[in-house]
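Student: For reference, the file start-v5.tsv (TSV, C-alpha atoms) is included below:
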chain	number	residue	atom	x	y	z
A	1	MET	CA	-10.61	23.01	0.20
A	2	ILE	CA	-12.17	26.05	1.87
A	3	ALA	CA	-15.38	24.09	2.33
A	4	PHE	CA	-13.37	21.39	4.09
A	5	LEU	CA	-11.97	23.99	6.50
A	6	TRP	CA	-15.51	25.27	7.12
A	7	ASN	CA	-16.55	21.74	7.91
A	8	LEU	CA	-13.68	21.35	10.40
A	9	LEU	CA	-14.63	24.68	11.96
A	10	LEU	CA	-18.23	23.56	12.37
A	11	ALA	CA	-17.05	20.31	13.94
A	12	LEU	CA	-14.81	22.23	16.37
A	13	ALA	CA	-17.73	24.52	17.23
A	14	TRP	CA	-19.86	21.45	17.93
A	15	VAL	CA	-17.15	19.98	20.18
A	16	ALA	CA	-16.73	23.27	22.05
A	17	LEU	CA	-20.48	23.80	22.52
A	18	THR	CA	-21.21	20.29	23.73
A	19	GLY	CA	-18.12	20.39	25.97
A	20	ASP	CA	-17.16	16.80	25.19
A	21	PHE	CA	-13.58	16.78	23.85
A	22	SER	CA	-13.41	13.24	22.50
A	23	GLY	CA	-12.66	11.82	19.07
A	24	SER	CA	-16.07	10.26	18.62
A	25	ASN	CA	-17.83	13.52	19.46
A	26	PHE	CA	-15.63	15.27	16.89
A	27	VAL	CA	-16.76	12.75	14.27
A	28	VAL	CA	-20.39	13.42	15.23
A	29	GLY	CA	-19.76	17.16	14.86
A	30	TYR	CA	-18.08	16.61	11.51
A	31	VAL	CA	-21.04	14.64	10.16
A	32	ILE	CA	-23.50	17.28	11.39
A	33	GLY	CA	-21.33	20.04	9.93
A	34	TYR	CA	-21.25	18.17	6.63
A	35	LEU	CA	-25.05	17.90	6.59
A	36	VAL	CA	-25.34	21.62	7.32
A	37	LEU	CA	-22.98	22.48	4.48
A	38	TYR	CA	-24.82	20.10	2.16
A	39	MET	CA	-28.16	21.72	2.93
A	40	ALA	CA	-26.70	25.19	2.57
A	41	ALA	CA	-25.23	24.35	-0.83
A	42	TRP	CA	-28.51	22.77	-1.91
A	43	GLN	CA	-30.62	25.68	-0.65
A	44	MET	CA	-28.47	28.35	-2.24
A	45	ARG	CA	-28.02	26.35	-5.45
A	46	LEU	CA	-24.26	26.58	-5.23
A	47	GLY	CA	-22.31	24.25	-7.42
A	48	ASN	CA	-20.32	23.22	-4.38
A	49	SER	CA	-17.99	20.45	-5.44
A	50	TYR	CA	-16.99	19.59	-1.86
A	51	THR	CA	-20.39	18.28	-0.80
A	52	ARG	CA	-20.57	16.15	-3.93
A	53	LYS	CA	-17.04	14.83	-3.54
A	54	VAL	CA	-17.35	13.51	0.00
A	55	PRO	CA	-19.76	10.65	-0.89
A	56	ARG	CA	-17.52	9.80	-3.84
A	57	ILE	CA	-14.44	9.64	-1.62
A	58	ILE	CA	-16.25	7.39	0.88
A	59	GLY	CA	-17.43	5.18	-1.97
A	60	PHE	CA	-13.90	5.04	-3.32
A	61	VAL	CA	-12.45	4.04	0.05
A	62	LEU	CA	-15.01	1.24	0.42
A	63	PHE	CA	-14.40	0.01	-3.13
A	64	PHE	CA	-10.67	0.10	-2.52
A	65	ILE	CA	-10.85	-1.84	0.75
A	66	TYR	CA	-12.96	-4.49	-1.00
A	67	ASP	CA	-10.39	-4.67	-3.79
A	68	LEU	CA	-7.54	-4.90	-1.29
A	69	VAL	CA	-9.09	-7.77	0.65
A	70	LYS	CA	-9.97	-9.67	-2.52
A	71	ALA	CA	-6.47	-9.33	-3.99
A	72	ASN	CA	-4.83	-10.21	-0.67
A	73	LEU	CA	-6.84	-13.42	-0.44
A	74	ARG	CA	-5.89	-14.34	-4.00
A	75	VAL	CA	-2.17	-13.88	-3.36
A	76	ALA	CA	-2.44	-15.65	0.01
A	77	TYR	CA	-4.12	-18.60	-1.69
A	78	ASP	CA	-1.33	-18.82	-4.23
A	79	VAL	CA	1.30	-18.62	-1.49
A	80	VAL	CA	-0.06	-21.43	0.66
A	81	THR	CA	-1.06	-23.89	-2.08
A	82	PRO	CA	1.85	-25.99	-3.34
A	83	THR	CA	1.52	-25.20	-7.05
A	84	HIS	CA	2.07	-21.82	-8.65
A	85	GLN	CA	-0.84	-20.96	-10.91
A	86	MET	CA	0.35	-17.40	-11.39
A	87	ARG	CA	1.34	-15.95	-14.74
A	88	PRO	CA	3.49	-12.92	-13.92
A	89	GLY	CA	4.82	-10.35	-16.33
A	90	VAL	CA	5.66	-6.70	-16.88
A	91	VAL	CA	2.90	-4.87	-18.71
A	92	ALA	CA	2.81	-1.35	-20.16
A	93	ILE	CA	-0.45	0.42	-19.32
A	94	PRO	CA	-1.24	3.57	-21.34
A	95	LEU	CA	-2.07	6.50	-19.07
A	96	THR	CA	-4.96	8.92	-19.45
A	97	VAL	CA	-4.10	11.00	-16.40
A	98	ASP	CA	-1.26	13.43	-17.00
A	99	ARG	CA	-0.78	15.45	-13.81
A	100	ASP	CA	1.98	14.51	-11.39
A	101	ALA	CA	-0.34	14.21	-8.42
A	102	GLU	CA	-2.76	11.93	-10.27
A	103	ILE	CA	0.00	9.67	-11.56
A	104	THR	CA	1.47	9.46	-8.05
A	105	VAL	CA	-1.86	8.53	-6.48
A	106	LEU	CA	-2.64	5.98	-9.18
A	107	ALA	CA	0.82	4.37	-9.00
A	108	ASN	CA	0.63	4.11	-5.22
A	109	LEU	CA	-2.85	2.60	-5.33
A	110	ILE	CA	-1.62	0.04	-7.85
A	111	SER	CA	1.33	-0.77	-5.60
A	112	VAL	CA	-0.88	-1.18	-2.53
A	113	THR	CA	-3.09	-3.75	-4.25
A	114	PRO	CA	-1.43	-7.16	-4.01
A	115	GLY	CA	-0.85	-8.76	-7.39
A	116	THR	CA	0.14	-5.53	-9.07
A	117	LEU	CA	3.24	-3.41	-8.48
A	118	SER	CA	4.03	-0.20	-10.32
A	119	LEU	CA	7.64	-0.23	-11.52
A	120	ASP	CA	8.12	3.04	-13.37
A	121	VAL	CA	6.58	5.76	-15.52
A	122	SER	CA	8.02	6.39	-18.96
A	123	SER	CA	9.87	9.68	-19.35
A	124	ASP	CA	7.12	11.16	-21.53
A	125	ARG	CA	4.43	10.12	-19.00
A	126	LYS	CA	2.34	8.20	-21.49
A	127	VAL	CA	2.89	4.71	-20.14
A	128	LEU	CA	2.97	3.18	-16.67
A	129	TYR	CA	4.95	-0.03	-16.35
A	130	ILE	CA	3.49	-2.43	-13.82
A	131	HIS	CA	4.45	-5.91	-12.73
A	132	ALA	CA	1.32	-8.04	-12.46
A	133	MET	CA	1.07	-11.47	-10.96
A	134	TYR	CA	-1.98	-12.77	-12.81
A	135	ILE	CA	-2.09	-11.97	-16.50
A	136	ASP	CA	-4.87	-14.37	-17.43
A	137	SER	CA	-6.16	-11.87	-19.92
A	138	GLU	CA	-4.41	-8.61	-20.70
A	139	GLN	CA	-7.69	-6.91	-21.48
A	140	GLU	CA	-9.07	-7.74	-18.05
A	141	LEU	CA	-5.97	-6.40	-16.30
A	142	GLU	CA	-5.97	-3.21	-18.33
A	143	ASP	CA	-9.69	-2.72	-17.69
A	144	SER	CA	-9.25	-3.02	-13.94
A	145	ILE	CA	-6.39	-0.48	-13.95
A	146	LYS	CA	-8.50	1.84	-16.12
A	147	ALA	CA	-11.43	1.54	-13.70
A	148	LEU	CA	-9.11	2.54	-10.84
A	149	GLU	CA	-7.81	5.42	-12.96
A	150	ARG	CA	-11.33	6.71	-13.63
A	151	ARG	CA	-12.09	6.69	-9.92
A	152	VAL	CA	-8.87	8.61	-9.19
A	153	MET	CA	-9.86	11.19	-11.79
A	154	ASP	CA	-13.36	11.41	-10.28
A	155	ILE	CA	-11.89	12.43	-6.95
A	156	LEU	CA	-8.98	14.62	-7.97
A	157	ARG	CA	-10.73	16.58	-10.71
B	1	MET	CA	-17.07	-7.68	22.52
B	2	ASN	CA	-13.98	-5.56	22.72
B	3	GLU	CA	-11.77	-8.57	23.34
B	4	ILE	CA	-13.30	-10.46	20.42
B	5	VAL	CA	-12.50	-7.63	17.99
B	6	THR	CA	-8.98	-7.36	19.38
B	7	SER	CA	-8.45	-11.11	19.07
B	8	ILE	CA	-9.68	-11.21	15.49
B	9	LEU	CA	-7.44	-8.29	14.51
B	10	LEU	CA	-4.41	-9.84	16.25
B	11	ILE	CA	-4.81	-13.32	14.79
B	12	GLY	CA	-5.72	-11.95	11.35
B	13	GLY	CA	-2.71	-9.65	11.29
B	14	ALA	CA	-0.38	-12.40	12.48
B	15	LEU	CA	-1.70	-14.84	9.86
B	16	LEU	CA	-1.23	-12.22	7.12
B	17	MET	CA	2.37	-11.78	8.24
B	18	LEU	CA	2.86	-15.54	8.24
B	19	VAL	CA	1.54	-15.66	4.66
B	20	ALA	CA	3.97	-12.87	3.77
B	21	ALA	CA	6.88	-14.78	5.29
B	22	ILE	CA	5.91	-18.04	3.57
B	23	GLY	CA	5.63	-16.10	0.33
B	24	ALA	CA	9.08	-14.61	0.85
B	25	VAL	CA	10.55	-18.09	1.07
B	26	ARG	CA	8.45	-19.82	-1.58
B	27	MET	CA	8.02	-17.32	-4.41
B	28	PRO	CA	10.40	-17.81	-7.33
B	29	ASP	CA	11.68	-14.30	-8.16
B	30	LEU	CA	12.02	-10.80	-6.74
B	31	PRO	CA	8.79	-9.11	-8.00
B	32	THR	CA	6.54	-12.03	-7.03
B	33	ARG	CA	8.20	-12.14	-3.60
B	34	MET	CA	7.45	-8.46	-3.25
B	35	HIS	CA	3.78	-9.05	-4.11
B	36	ALA	CA	3.65	-11.50	-1.24
B	37	THR	CA	5.72	-9.67	1.38
B	38	THR	CA	5.41	-5.91	1.16
B	39	LYS	CA	1.64	-5.57	1.13
B	40	ALA	CA	0.58	-8.51	3.25
B	41	GLY	CA	3.31	-7.65	5.75
B	42	ALA	CA	2.34	-3.98	5.94
B	43	LEU	CA	-1.38	-4.79	6.14
B	44	GLY	CA	-0.71	-7.34	8.88
B	45	GLY	CA	1.30	-4.82	10.88
B	46	GLY	CA	-1.45	-2.24	10.44
B	47	LEU	CA	-4.12	-4.68	11.68
B	48	MET	CA	-2.08	-5.59	14.76
B	49	VAL	CA	-1.51	-1.94	15.66
B	50	LEU	CA	-5.26	-1.36	15.24
B	51	ALA	CA	-5.77	-4.24	17.67
B	52	VAL	CA	-3.81	-2.22	20.24
B	53	ALA	CA	-6.18	0.71	19.68
B	54	THR	CA	-9.31	-1.43	20.13
B	55	TYR	CA	-7.82	-3.12	23.22
B	56	PHE	CA	-7.05	0.05	25.19
B	57	LEU	CA	-9.72	2.42	23.80
B	58	GLU	CA	-7.92	5.52	25.07
B	59	GLY	CA	-7.53	8.76	23.15
B	60	SER	CA	-3.74	8.95	23.28
B	61	VAL	CA	-3.24	5.27	22.41
B	62	THR	CA	-5.72	5.44	19.52
B	63	ALA	CA	-4.02	8.56	18.16
B	64	ARG	CA	-0.59	6.93	18.18
B	65	ALA	CA	-1.93	3.68	16.73
B	66	LEU	CA	-3.65	5.59	13.92
B	67	ALA	CA	-0.39	7.46	13.30
B	68	VAL	CA	1.44	4.15	12.86
B	69	VAL	CA	-1.26	2.86	10.50
B	70	VAL	CA	-1.16	6.04	8.41
B	71	PHE	CA	2.64	5.89	8.19
B	72	ILE	CA	2.48	2.26	7.10
B	73	ILE	CA	-0.21	2.94	4.48
B	74	LEU	CA	1.70	5.94	3.10
B	75	THR	CA	5.15	4.36	3.06
B	76	ALA	CA	4.49	0.72	2.07
B	77	PRO	CA	3.62	1.34	-1.60
B	78	VAL	CA	6.45	3.85	-2.06
B	79	ALA	CA	9.01	1.45	-0.59
B	80	ALA	CA	7.65	-1.46	-2.65
B	81	HIS	CA	7.76	0.59	-5.84
B	82	ILE	CA	11.29	1.89	-5.30
B	83	ILE	CA	12.80	-1.48	-4.36
B	84	GLY	CA	11.00	-3.20	-7.23
B	85	ARG	CA	12.27	-0.61	-9.68
B	86	ALA	CA	15.82	-0.75	-8.36
B	87	GLY	CA	15.74	-4.54	-8.49
B	88	TYR	CA	14.50	-4.54	-12.07
B	89	PHE	CA	17.03	-2.03	-13.37
B	90	VAL	CA	19.90	-3.66	-11.50
B	91	GLY	CA	19.09	-6.75	-13.52
B	92	VAL	CA	17.72	-9.25	-11.04
B	93	PRO	CA	16.56	-12.15	-13.25
B	94	LEU	CA	12.83	-12.76	-13.58
B	95	TRP	CA	11.24	-16.16	-13.09
B	96	GLU	CA	11.22	-18.37	-16.20
B	97	GLY	CA	7.41	-18.55	-15.98
B	98	THR	CA	7.15	-14.79	-16.65
B	99	ILE	CA	4.95	-14.52	-19.73
B	100	ARG	CA	5.80	-11.04	-20.97
B	101	ASP	CA	8.14	-8.17	-20.33
B	102	ASP	CA	7.12	-4.88	-21.96
B	103	LEU	CA	9.80	-2.90	-20.17
B	104	LYS	CA	12.75	-4.83	-21.59
B	105	ASP	CA	15.22	-2.75	-23.65
B	106	ARG	CA	13.21	0.42	-23.18
B	107	TYR	CA	15.40	1.93	-20.50
B	108	ASP	CA	18.54	3.81	-21.46
B	109	PRO	CA	20.99	3.64	-18.54
B	110	ASP	CA	23.20	6.41	-19.95
B	111	SER	CA	20.61	9.12	-20.47
B	112	HIS	CA	18.19	7.72	-17.83
B	113	ILE	CA	15.33	8.02	-20.31
B	114	LEU	CA	12.58	5.43	-20.17
B	115	HIS	CA	10.84	5.11	-23.51
B	116	SER	CA	7.12	4.55	-23.86
B	117	ARG	CA	7.35	2.27	-26.92
B	118	ASP	CA	9.86	-0.02	-28.51
B	119	ARG	CA	12.90	1.78	-29.75
B	120	THR	CA	13.79	1.28	-33.37
B	121	PRO	CA	17.05	-0.64	-33.67
B	122	PRO	CA	19.90	1.81	-34.38
B	123	ASN	CA	20.97	0.23	-37.69
B	124	SER	CA	17.64	0.02	-39.50
C	1	MET	CA	-7.12	-13.06	25.77
C	2	ASP	CA	-3.99	-14.69	27.15
C	3	ILE	CA	-4.24	-17.68	24.82
C	4	VAL	CA	-4.76	-15.37	21.80
C	5	ILE	CA	-1.61	-13.44	22.68
C	6	ARG	CA	0.37	-16.65	23.00
C	7	ILE	CA	-0.86	-17.97	19.64
C	8	THR	CA	0.02	-14.65	18.03
C	9	PHE	CA	3.54	-14.79	19.48
C	10	VAL	CA	4.00	-18.30	18.06
C	11	ILE	CA	2.74	-17.34	14.59
C	12	LEU	CA	4.96	-14.26	14.51
C	13	SER	CA	7.99	-16.26	15.63
C	14	VAL	CA	7.48	-18.76	12.80
C	15	ALA	CA	7.14	-15.85	10.35
C	16	LEU	CA	10.33	-14.32	11.77
C	17	ILE	CA	12.26	-17.54	11.18
C	18	LEU	CA	10.97	-17.79	7.59
C	19	ALA	CA	11.88	-14.15	6.88
C	20	PHE	CA	15.34	-14.84	8.29
C	21	ILE	CA	15.74	-17.82	5.94
C	22	ARG	CA	15.09	-15.49	2.99
C	23	LEU	CA	17.51	-12.94	4.46
C	24	ALA	CA	20.25	-15.54	4.73
C	25	ARG	CA	19.62	-17.20	1.36
C	26	GLY	CA	19.44	-14.09	-0.79
C	27	PRO	CA	20.30	-14.66	-3.61
C	28	SER	CA	20.45	-11.01	-4.69
C	29	LEU	CA	20.75	-7.87	-2.59
C	30	PRO	CA	17.16	-6.64	-3.30
C	31	ASP	CA	15.89	-9.99	-2.00
C	32	ARG	CA	17.67	-9.36	1.27
C	33	VAL	CA	16.31	-5.82	1.37
C	34	ILE	CA	12.71	-7.01	1.15
C	35	ALA	CA	13.45	-9.63	3.80
C	36	LEU	CA	14.70	-6.82	6.06
C	37	GLU	CA	11.57	-4.81	5.25
C	38	LEU	CA	9.46	-7.79	6.28
C	39	LEU	CA	11.49	-8.16	9.48
C	40	ALA	CA	10.68	-4.51	10.29
C	41	SER	CA	6.94	-5.14	9.75
C	42	LEU	CA	7.16	-8.23	11.93
C	43	THR	CA	8.87	-6.22	14.65
C	44	VAL	CA	6.05	-3.67	14.55
C	45	GLY	CA	3.66	-6.60	15.00
C	46	PHE	CA	5.71	-7.93	17.91
C	47	ILE	CA	5.65	-4.50	19.54
C	48	ALA	CA	1.86	-4.36	19.13
C	49	VAL	CA	1.37	-7.74	20.81
C	50	HIS	CA	3.87	-6.88	23.52
C	51	THR	CA	2.01	-3.63	24.21
C	52	ILE	CA	-1.19	-5.59	24.81
C	53	PHE	CA	0.69	-8.27	26.77
C	54	THR	CA	2.33	-5.85	29.22
C	55	GLY	CA	-0.23	-3.05	29.13
C	56	ASP	CA	2.59	-0.52	28.77
C	57	THR	CA	1.55	1.78	25.92
C	58	ASN	CA	4.93	3.52	25.71
C	59	PHE	CA	6.08	0.74	23.38
C	60	LEU	CA	3.83	2.24	20.69
C	61	ASP	CA	6.26	5.13	20.31
C	62	VAL	CA	8.93	2.62	19.34
C	63	ALA	CA	6.55	1.26	16.68
C	64	VAL	CA	6.08	4.79	15.27
C	65	VAL	CA	9.84	5.32	14.97
C	66	LEU	CA	10.46	1.84	13.58
C	67	ALA	CA	7.80	2.23	10.88
C	68	LEU	CA	9.50	5.44	9.74
C	69	THR	CA	13.11	4.24	9.87
C	70	ALA	CA	12.26	1.04	7.98
C	71	PHE	CA	10.95	3.21	5.16
C	72	LEU	CA	14.10	5.36	5.17
C	73	ALA	CA	16.26	2.23	5.08
C	74	ALA	CA	14.35	0.92	2.05
C	75	ILE	CA	14.81	4.23	0.21
C	76	GLY	CA	18.50	4.28	1.10
C	77	PHE	CA	19.04	0.74	-0.14
C	78	ALA	CA	17.25	1.49	-3.40
C	79	ARG	CA	19.45	4.56	-3.99
C	80	TYR	CA	22.52	2.48	-3.23
C	81	LEU	CA	21.42	-0.27	-5.63
C	82	GLU	CA	20.97	2.18	-8.48
C	83	ARG	CA	24.31	3.75	-7.55
C	84	GLY	CA	22.55	7.04	-6.91
C	85	GLY	CA	21.78	7.50	-10.59
C	86	ARG	CA	19.80	10.69	-11.13
C	87	ARG	CA	16.66	10.56	-13.19
C	88	ASP	CA	15.44	14.11	-13.37
C	89	GLU	CA	12.68	14.51	-15.84
Turn the structure described in the file into structure tokens.
Tutor:
Amino acid sequence: MIAFLWNLLLALAWVALTGDFSGSNFVVGYVIGYLVLYMAAWQMRLGNSYTRKVPRIIGFVLFFIYDLVKANLRVAYDVVTPTHQMRPGVVAIPLTVDRDAEITVLANLISVTPGTLSLDVSSDRKVLYIHAMYIDSEQELEDSIKALERRVMDILR
Amino acid sequence: MNEIVTSILLIGGALLMLVAAIGAVRMPDLPTRMHATTKAGALGGGLMVLAVATYFLEGSVTARALAVVVFIILTAPVAAHIIGRAGYFVGVPLWEGTIRDDLKDRYDPDSHILHSRDRTPPNS
Amino acid sequence: MDIVIRITFVILSVALILAFIRLARGPSLPDRVIALELLASLTVGFIAVHTIFTGDTNFLDVAVVLALTAFLAAIGFARYLERGGRRDE
């Protein structure tokens, strides 16, 4: 978190020094500030988690957008074709994450993806109930949720 | 170039919303309707607001457009989740093609406890 | 650009009519709530197209407010449906 503030500060310094107060210049400053922090952490052999997390977060966002587009197309296809080939159902997914923030993020990500909708968490926080539109194989569905969960843990821990 | 991107975003967003509306009419029960409407509708709205940002390319417009997109991304899943949950617990019937329902009989409306596994029947 | 805007208006109008059919048909209250939610998204889309059509960017502020109030309405409806039952864990 502090490293993130440092990065913002470096970006602001870049914007002030170049005298160009625009959004794109701020992004340029942010990238340069990030590179500086990365080199500093590498040079001083600091176990700086921030510089390692940023590529992971970018990778996660790209993976998630890909997932979102794919799932949207699948639901759209089912909506416009005359027959329903969906097999919906409510499935209980066992949770590995146990913190409130992680469960919240995971449940919201599941809800954003078309085809899956998180309904509720059990009171003892061991199971997440989701409504899924395509239960061709339960194992496949559970694996995809678990993959998402691992990525959430990668970023938040 | 700019106009092409704007056009693609506009038409794409509008088509997504059309798919959402068709889904709202055609899908057989509440959760499947929500799969079709809430996300495609929100994503379509987000794309169209982004089209405004790419059309004007001004700082203040882009900032407001991004604010709308962030609001939509933050609120859409929460709204979908809370309506879906309310609909389920109120007892809206599921489609007859639903192949399984793990959540059935695990919610206790008196104590508001949601169990994580099947409850043992009281007289066994 | 003009033709694109017109096509978008037509598509959105068709979507609006379909969403209204679901709003009128129901059958249950949550169904109507999600139809209303969709109507709010469609209105945000209409505002976006109208902003480009007229070139008046002040309409975007309306979109900001609408996106937020639609969310509040959904939360309110859900609380009403569950009769405000508390689930404090």
Student: Just checking: using all atoms listed in the file, which residue out of A:Ser137, A:Gln43, A:Ser122, A:Thr113 ends up closest to chain C?
Tutor: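 Comparing A:Ser137, A:Gln43, A:Ser122, A:Thr113 against chain C, the winner is A:Ser122.
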Student: In Å, how far is it from CA of Asn108 in chain A to CA of Val78 in chain B?
Tutor: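 Rounded to one decimal, the two atoms are 6.6 Å apart.
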Student: Leaving out range 81-83 of chain B and any residue of its chain fewer than 5 positions from it, which residues lie within 6 Å of it when counting only C-alpha atoms, given as a list in words?
Tutor: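 Those residues are Ser118 and Leu119 of chain A; Ala78 of chain C.
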Student: Can you build me a table of chain A residues sitting at most 6 Å from chain B, with the closest atom pair per residue and its distance in Å to one decimal, using all atoms listed in the file, sorted by chain and residue number, as CSV?
Tutor:
residue,atom,partner,partner_atom,distance
A:Val79,CA,B:Gly23,CA,5.3
A:Pro88,CA,B:Thr98,CA,4.9
A:Gly89,CA,B:Arg100,CA,4.8
A:Val90,CA,B:Asp101,CA,4.5
A:Val91,CA,B:Asp102,CA,5.3
A:Ala92,CA,B:Asp102,CA,5.9
A:Asn108,CA,B:Pro77,CA,5.5
A:Ser111,CA,B:Pro77,CA,5.1
A:Val112,CA,B:Pro77,CA,5.2
A:Pro114,CA,B:His35,CA,5.5
A:Gly115,CA,B:His35,CA,5.7
A:Ser118,CA,B:His81,CA,5.9
A:Leu119,CA,B:Arg85,CA,5.0
A:Ser122,CA,B:Leu114,CA,4.8
A:Ser123,CA,B:Leu114,CA,5.1
A:Val127,CA,B:Ser116,CA,5.6
Student: Please write as a ChimeraX atom specification the list of polymer residues whose atoms come within 10 Å of (-3.7, -2.9, 12.9), counting all atoms listed in the file and keeping to the coordinates of the file.
Tutor: /B:6,9-10,12-13,42-54,65-66,68-69,72 /C:44-45,48
Student: Please report the interatomic distance between CA of Ala63 in chain C and CA of Leu16 in chain C in Å with one decimal.
Tutor: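 Result for CA of Ala63 in chain C versus CA of Leu16 in chain C: 16.8 Å, one decimal.
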Student: One decimal, Å: what's the distance from CA of Val92 in chain B over to CA of Phe71 in chain B, could you say?
Tutor: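 Separation between CA of Val92 in chain B and CA of Phe71 in chain B: 28.7 Å.
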Student: Using all atoms listed in the file, which residues sit within 12 Å of Leu17 in chain A once same-chain residues fewer than 6 positions away are excluded, as a PyMOL selection string?
Tutor: chain A and resi 10-11+25-26+29
Student: Might you pull out every residue within 12 Å of Phe53 in chain C, with all atoms listed in the file counted and same-chain residues fewer than 2 positions away left off, and present them as a count of residues only?
Tutor: 23
Student: Rank A:Val28, A:Glu138, A:Gly23, A:Trp14 by their smallest atom-to-atom distance to Val61 in chain B, using all atoms listed in the file, and report the top residue only.
Tutor: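 Counting all atoms listed in the file, the residue closest to Val61 in chain B is A:Gly23.
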